[in-house]
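As structure tokens, the structure follows; a few thoughts come after it.
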Amino acid sequence: MSARAALRVALVTLLLLLIQTTVILSIRVDGMHPDILWLLPITAALLAGPEAGAIVGFWSGIAFDLVLPTPFGLSALVGCLLGFSVGVATAAVDRRAVWLRPLSAVVGSVAADMLFAVLGAIFGQQQMVQIDFFSLALVVAVSSLILVLPVNRLMRWALVAEGTRRSLVSASSSEGGLW
């Protein structure tokens, strides 16, 4: 990952963290709220593979850990595992399939929240497993389904290498003229 891509991923992470801590936390359904930061490692893994998914998951998890009252590093661990798992699980699938992003977002986000709760309980946060898992899964699944495409666009902007972008001017000038 280039320095420019890392900076862009950091900006996208900061934007989603800001949205998560201001807007999303106020959206509650049956006491549960969506977790949109899980979409970062999921979309990174779909766009750039398991290693990029793990890296983005780790760093976005560290950012999330800074604002959560849970054991520090828990979100980073779950994000890293999530990004890598999604990248490996979807490696053999055609990345252009219409169903891939929504399905990966729903399954990955729900699995990440469940893993987060179970690991939190293992690390001494017993209140994390004293919730209605069905309501949590439903809220997270619906919100991930709705928000995966905008987050995917942001992550695509962040991860696309400068050399792979096509400019109308450079494409037309290499063909011998503007027209």
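Residues are named by chain letter and number: chains run A, B, ... in the order of the structure tokens, numbers start at 1 in each chain, and ligands are numbered from 1 in the order shown.
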Please tabulate, as a tab-separated table, the residues of segment 1-66 of chain A that come within 6 Å of segment 71-77 of chain A, each with its closest pair of atoms and the distance in Å to one decimal, counting only C-alpha atoms and ordering rows by chain, then residue number upward.
residue	atom	partner	partner_atom	distance
A:Phe58	CA	A:Ala76	CA	4.4
A:Gly61	CA	A:Ala76	CA	3.7
A:Ile62	CA	A:Ala76	CA	5.0
A:Asp65	CA	A:Phe72	CA	5.6
Could I get the residues of segment 5-58 of chain A with an atom no further than 10 Å from an atom of segment 124-133 of chain A, each paired with its nearest atom pair and that distance in Å to one decimal, using only C-alpha atoms, sorted by chain and residue number, as JSON lines?
{"residue": "A:Asp30", "atom": "CA", "partner": "A:Asp132", "partner_atom": "CA", "distance": 9.0}
{"residue": "A:Gly31", "atom": "CA", "partner": "A:Asp132", "partner_atom": "CA", "distance": 9.1}
{"residue": "A:Met32", "atom": "CA", "partner": "A:Asp132", "partner_atom": "CA", "distance": 8.7}
TODO: From segment 3-164 of chain A, collect each residue whose DSSP state is helix (DSSP H, G or I) and return the set as a ChimeraX atom specification.
DONE: /A:3-22,24-26,36-48,50-65,74-89,100-122,126-129,133-159,162-164
For Arg95 of chain A: contacts at 12 Å, only C-alpha atoms, fewer than 3 positions along chain excluded, given as a short mmCIF file (atom, residue, chain, number, x, y, z; two decimals) with all heavy atoms, in the first residue's frame:
data_model
loop_
_atom_site.label_atom_id
_atom_site.label_comp_id
_atom_site.auth_asym_id
_atom_site.auth_seq_id
_atom_site.Cartn_x
_atom_site.Cartn_y
_atom_site.Cartn_z
N THR A 43 -14.75 -4.07 2.82
CA THR A 43 -14.61 -3.51 1.48
C THR A 43 -13.15 -3.49 1.03
O THR A 43 -12.87 -3.71 -0.15
CB THR A 43 -15.22 -2.10 1.38
OG1 THR A 43 -14.63 -1.26 2.39
CG2 THR A 43 -16.73 -2.14 1.57
N ALA A 45 -10.90 -5.71 1.81
CA ALA A 45 -10.58 -7.10 1.43
C ALA A 45 -11.18 -7.43 0.07
O ALA A 45 -10.54 -8.12 -0.74
CB ALA A 45 -11.11 -8.07 2.48
N LEU A 46 -12.38 -6.95 -0.20
CA LEU A 46 -13.00 -7.22 -1.50
C LEU A 46 -12.28 -6.49 -2.63
O LEU A 46 -12.22 -6.99 -3.75
CB LEU A 46 -14.48 -6.82 -1.47
CG LEU A 46 -15.38 -7.67 -0.58
CD1 LEU A 46 -16.78 -7.07 -0.52
CD2 LEU A 46 -15.43 -9.10 -1.09
N LEU A 47 -11.75 -5.33 -2.34
CA LEU A 47 -11.08 -4.54 -3.38
C LEU A 47 -9.62 -4.91 -3.58
O LEU A 47 -9.12 -4.87 -4.70
CB LEU A 47 -11.18 -3.04 -3.04
CG LEU A 47 -12.56 -2.43 -3.13
CD1 LEU A 47 -12.57 -1.04 -2.49
CD2 LEU A 47 -13.01 -2.35 -4.59
N ALA A 48 -8.92 -5.25 -2.50
CA ALA A 48 -7.47 -5.42 -2.61
C ALA A 48 -6.93 -6.71 -2.00
O ALA A 48 -5.73 -6.90 -1.96
CB ALA A 48 -6.77 -4.22 -1.97
N GLY A 49 -7.78 -7.59 -1.50
CA GLY A 49 -7.31 -8.88 -1.01
C GLY A 49 -7.22 -8.97 0.50
O GLY A 49 -7.44 -8.00 1.22
N GLY A 87 -11.28 -11.54 2.82
CA GLY A 87 -10.41 -11.62 1.65
C GLY A 87 -10.13 -13.04 1.21
O GLY A 87 -10.17 -13.36 0.03
N ALA A 89 -12.02 -15.76 2.03
CA ALA A 89 -13.28 -16.43 1.67
C ALA A 89 -13.79 -16.02 0.29
O ALA A 89 -14.47 -16.80 -0.37
CB ALA A 89 -14.35 -16.13 2.72
N THR A 90 -13.45 -14.83 -0.15
CA THR A 90 -13.96 -14.36 -1.44
C THR A 90 -12.90 -14.37 -2.54
O THR A 90 -13.14 -13.87 -3.63
CB THR A 90 -14.52 -12.93 -1.30
OG1 THR A 90 -13.48 -12.05 -0.86
CG2 THR A 90 -15.69 -12.90 -0.34
N ALA A 91 -11.75 -14.96 -2.28
CA ALA A 91 -10.65 -14.94 -3.25
C ALA A 91 -11.01 -15.65 -4.55
O ALA A 91 -10.58 -15.23 -5.62
CB ALA A 91 -9.40 -15.55 -2.64
N ALA A 92 -11.78 -16.70 -4.47
CA ALA A 92 -12.10 -17.48 -5.67
C ALA A 92 -13.39 -17.03 -6.34
O ALA A 92 -13.81 -17.63 -7.33
CB ALA A 92 -12.21 -18.95 -5.30
N VAL A 98 -22.68 -9.07 -8.45
CA VAL A 98 -23.53 -8.08 -7.81
C VAL A 98 -23.82 -8.43 -6.35
O VAL A 98 -23.90 -7.55 -5.51
CB VAL A 98 -24.85 -7.94 -8.61
CG1 VAL A 98 -25.82 -7.01 -7.93
CG2 VAL A 98 -24.56 -7.50 -10.02
N TRP A 99 -23.95 -9.67 -6.05
CA TRP A 99 -24.33 -10.13 -4.72
C TRP A 99 -23.17 -10.17 -3.73
O TRP A 99 -23.39 -10.28 -2.52
CB TRP A 99 -24.96 -11.51 -4.80
CG TRP A 99 -24.07 -12.51 -5.50
CD1 TRP A 99 -24.07 -12.81 -6.83
CD2 TRP A 99 -23.02 -13.29 -4.92
NE1 TRP A 99 -23.09 -13.73 -7.11
CE2 TRP A 99 -22.44 -14.06 -5.95
CE3 TRP A 99 -22.54 -13.43 -3.63
CZ2 TRP A 99 -21.38 -14.93 -5.72
CZ3 TRP A 99 -21.48 -14.31 -3.40
CH2 TRP A 99 -20.92 -15.05 -4.45
N LEU A 100 -21.94 -10.06 -4.20
CA LEU A 100 -20.78 -10.28 -3.33
C LEU A 100 -20.64 -9.23 -2.23
O LEU A 100 -20.47 -9.56 -1.06
CB LEU A 100 -19.50 -10.34 -4.17
CG LEU A 100 -18.22 -10.65 -3.39
CD1 LEU A 100 -18.33 -12.01 -2.73
CD2 LEU A 100 -17.03 -10.60 -4.32
N ARG A 101 -20.71 -7.95 -2.58
CA ARG A 101 -20.53 -6.91 -1.57
C ARG A 101 -21.63 -6.94 -0.52
O ARG A 101 -21.34 -6.93 0.68
CB ARG A 101 -20.43 -5.53 -2.21
CG ARG A 101 -19.03 -5.23 -2.67
CD ARG A 101 -19.00 -3.89 -3.30
NE ARG A 101 -19.88 -4.00 -4.45
CZ ARG A 101 -19.60 -3.66 -5.70
NH1 ARG A 101 -18.56 -3.08 -5.97
NH2 ARG A 101 -20.39 -3.85 -6.68
N PRO A 102 -22.91 -6.96 -0.91
CA PRO A 102 -23.96 -6.99 0.13
C PRO A 102 -23.89 -8.24 1.01
O PRO A 102 -24.01 -8.14 2.23
CB PRO A 102 -25.26 -6.96 -0.67
CG PRO A 102 -24.91 -6.39 -1.98
CD PRO A 102 -23.49 -6.79 -2.25
N SER A 104 -21.23 -10.16 1.66
CA SER A 104 -20.03 -10.07 2.49
C SER A 104 -20.23 -9.07 3.62
O SER A 104 -19.79 -9.30 4.75
CB SER A 104 -18.83 -9.65 1.65
OG SER A 104 -18.55 -10.61 0.67
#
Task: Straight-line distance linking atom CA of Pro150 of chain A with atom CA of Pro41 of chain A, stated in Å to one decimal - done: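 Separation between atom CA of Pro150 of chain A and atom CA of Pro41 of chain A: 14.0 Å.
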Write out, as a tab-separated table, each residue of segment 39-127 of chain A that has an atom at most 10 Å from segment 10-17 of chain A, together with the closest pair of atoms and their distance in Å to one decimal, counting only C-alpha atoms, rows going by chain and rising number.
residue	atom	partner	partner_atom	distance
A:Leu39	CA	A:Leu16	CA	9.5
A:Leu40	CA	A:Thr13	CA	7.5
A:Val56	CA	A:Thr13	CA	8.8
A:Gly57	CA	A:Thr13	CA	10.0
A:Trp59	CA	A:Ala10	CA	8.3
A:Ser60	CA	A:Thr13	CA	6.0
A:Gly61	CA	A:Thr13	CA	9.4
A:Ala63	CA	A:Leu17	CA	7.5
A:Phe64	CA	A:Leu17	CA	6.8
A:Val67	CA	A:Leu17	CA	8.9
Generate a file of the selected residues that holds all heavy atoms, formatted as a PDB file, in the first residue's frame.
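Saved the output as out-v1.pdb:
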ATOM      1  N   LEU A  39     -17.370  -2.234   8.033  1.00  0.00           N
ATOM      2  CA  LEU A  39     -17.427  -2.217   6.569  1.00  0.00           C
ATOM      3  C   LEU A  39     -16.078  -1.842   5.942  1.00  0.00           C
ATOM      4  O   LEU A  39     -15.824  -2.177   4.782  1.00  0.00           O
ATOM      5  CB  LEU A  39     -18.518  -1.259   6.094  1.00  0.00           C
ATOM      6  CG  LEU A  39     -19.937  -1.662   6.460  1.00  0.00           C
ATOM      7  CD1 LEU A  39     -20.918  -0.562   6.082  1.00  0.00           C
ATOM      8  CD2 LEU A  39     -20.313  -2.980   5.805  1.00  0.00           C
ATOM      9  N   LEU A  40     -15.220  -1.179   6.684  1.00  0.00           N
ATOM     10  CA  LEU A  40     -13.913  -0.803   6.134  1.00  0.00           C
ATOM     11  C   LEU A  40     -13.042  -2.008   5.797  1.00  0.00           C
ATOM     12  O   LEU A  40     -12.568  -2.126   4.661  1.00  0.00           O
ATOM     13  CB  LEU A  40     -13.194   0.150   7.087  1.00  0.00           C
ATOM     14  CG  LEU A  40     -13.804   1.535   7.206  1.00  0.00           C
ATOM     15  CD1 LEU A  40     -13.106   2.326   8.301  1.00  0.00           C
ATOM     16  CD2 LEU A  40     -13.736   2.263   5.886  1.00  0.00           C
ATOM     17  N   VAL A  56      -6.225  -2.785   6.960  1.00  0.00           N
ATOM     18  CA  VAL A  56      -7.269  -1.781   7.173  1.00  0.00           C
ATOM     19  C   VAL A  56      -8.084  -2.135   8.416  1.00  0.00           C
ATOM     20  O   VAL A  56      -8.433  -1.262   9.212  1.00  0.00           O
ATOM     21  CB  VAL A  56      -8.166  -1.641   5.926  1.00  0.00           C
ATOM     22  CG1 VAL A  56      -9.400  -0.803   6.212  1.00  0.00           C
ATOM     23  CG2 VAL A  56      -7.372  -1.037   4.776  1.00  0.00           C
ATOM     24  N   GLY A  57      -8.374  -3.412   8.611  1.00  0.00           N
ATOM     25  CA  GLY A  57      -9.112  -3.840   9.790  1.00  0.00           C
ATOM     26  C   GLY A  57      -8.374  -3.541  11.075  1.00  0.00           C
ATOM     27  O   GLY A  57      -8.972  -3.108  12.065  1.00  0.00           O
ATOM     28  N   TRP A  59      -5.960  -1.161  11.617  1.00  0.00           N
ATOM     29  CA  TRP A  59      -5.838   0.269  11.893  1.00  0.00           C
ATOM     30  C   TRP A  59      -7.193   0.926  12.145  1.00  0.00           C
ATOM     31  O   TRP A  59      -7.295   1.811  13.007  1.00  0.00           O
ATOM     32  CB  TRP A  59      -5.073   0.976  10.783  1.00  0.00           C
ATOM     33  CG  TRP A  59      -3.619   0.633  10.852  1.00  0.00           C
ATOM     34  CD1 TRP A  59      -2.915  -0.151   9.992  1.00  0.00           C
ATOM     35  CD2 TRP A  59      -2.703   1.007  11.887  1.00  0.00           C
ATOM     36  NE1 TRP A  59      -1.613  -0.277  10.425  1.00  0.00           N
ATOM     37  CE2 TRP A  59      -1.456   0.421  11.586  1.00  0.00           C
ATOM     38  CE3 TRP A  59      -2.816   1.777  13.039  1.00  0.00           C
ATOM     39  CZ2 TRP A  59      -0.341   0.601  12.397  1.00  0.00           C
ATOM     40  CZ3 TRP A  59      -1.695   1.946  13.841  1.00  0.00           C
ATOM     41  CH2 TRP A  59      -0.476   1.367  13.514  1.00  0.00           C
ATOM     42  N   SER A  60      -8.229   0.523  11.435  1.00  0.00           N
ATOM     43  CA  SER A  60      -9.551   1.081  11.745  1.00  0.00           C
ATOM     44  C   SER A  60     -10.018   0.585  13.105  1.00  0.00           C
ATOM     45  O   SER A  60     -10.694   1.310  13.840  1.00  0.00           O
ATOM     46  CB  SER A  60     -10.563   0.745  10.646  1.00  0.00           C
ATOM     47  OG  SER A  60     -10.773  -0.645  10.535  1.00  0.00           O
ATOM     48  N   GLY A  61      -9.641  -0.637  13.473  1.00  0.00           N
ATOM     49  CA  GLY A  61      -9.967  -1.150  14.801  1.00  0.00           C
ATOM     50  C   GLY A  61      -9.250  -0.385  15.898  1.00  0.00           C
ATOM     51  O   GLY A  61      -9.826  -0.100  16.957  1.00  0.00           O
ATOM     52  N   ALA A  63      -8.380   2.729  15.721  1.00  0.00           N
ATOM     53  CA  ALA A  63      -9.098   4.009  15.811  1.00  0.00           C
ATOM     54  C   ALA A  63     -10.400   3.848  16.589  1.00  0.00           C
ATOM     55  O   ALA A  63     -10.745   4.694  17.427  1.00  0.00           O
ATOM     56  CB  ALA A  63      -9.375   4.545  14.403  1.00  0.00           C
ATOM     57  N   PHE A  64     -11.115   2.757  16.340  1.00  0.00           N
ATOM     58  CA  PHE A  64     -12.373   2.490  17.044  1.00  0.00           C
ATOM     59  C   PHE A  64     -12.109   2.233  18.523  1.00  0.00           C
ATOM     60  O   PHE A  64     -12.876   2.671  19.392  1.00  0.00           O
ATOM     61  CB  PHE A  64     -13.058   1.292  16.383  1.00  0.00           C
ATOM     62  CG  PHE A  64     -14.550   1.250  16.545  1.00  0.00           C
ATOM     63  CD1 PHE A  64     -15.298   2.364  16.863  1.00  0.00           C
ATOM     64  CD2 PHE A  64     -15.220   0.056  16.351  1.00  0.00           C
ATOM     65  CE1 PHE A  64     -16.675   2.311  16.998  1.00  0.00           C
ATOM     66  CE2 PHE A  64     -16.607  -0.018  16.489  1.00  0.00           C
ATOM     67  CZ  PHE A  64     -17.330   1.112  16.810  1.00  0.00           C
ATOM     68  N   VAL A  67     -12.126   5.152  21.095  1.00  0.00           N
ATOM     69  CA  VAL A  67     -13.373   5.763  21.569  1.00  0.00           C
ATOM     70  C   VAL A  67     -14.290   4.775  22.283  1.00  0.00           C
ATOM     71  O   VAL A  67     -15.332   5.172  22.787  1.00  0.00           O
ATOM     72  CB  VAL A  67     -14.137   6.446  20.415  1.00  0.00           C
ATOM     73  CG1 VAL A  67     -13.305   7.572  19.813  1.00  0.00           C
ATOM     74  CG2 VAL A  67     -14.547   5.456  19.350  1.00  0.00           C
TER      75      VAL A  67
END
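Minimum atom-to-atom distance to Val142 of chain A, evaluated using only C-alpha atoms, belongs to A:Ala105 out of A:Ala105, A:Val23, A:Ile42, A:Ala97.
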TODO: Would you please work out which residue, of A:Ala52, A:Leu115, A:Leu136, A:Val148, is nearest to Ala5 of chain A when using only C-alpha atoms?
DONE: A:Ala52
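The space between atom CA of Trp38 of chain A and atom CA of Ser2 of chain A spans 22.3 Å.
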TODO: For each of A:Val88, A:Thr70, A:Leu159, A:Ala6, take the minimum atom-to-atom distance to Ile122 of chain A, counting only C-alpha atoms, then give the residue where this is smallest.
DONE: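 Ranked by minimum distance to Ile122 of chain A, first place goes to A:Thr70.
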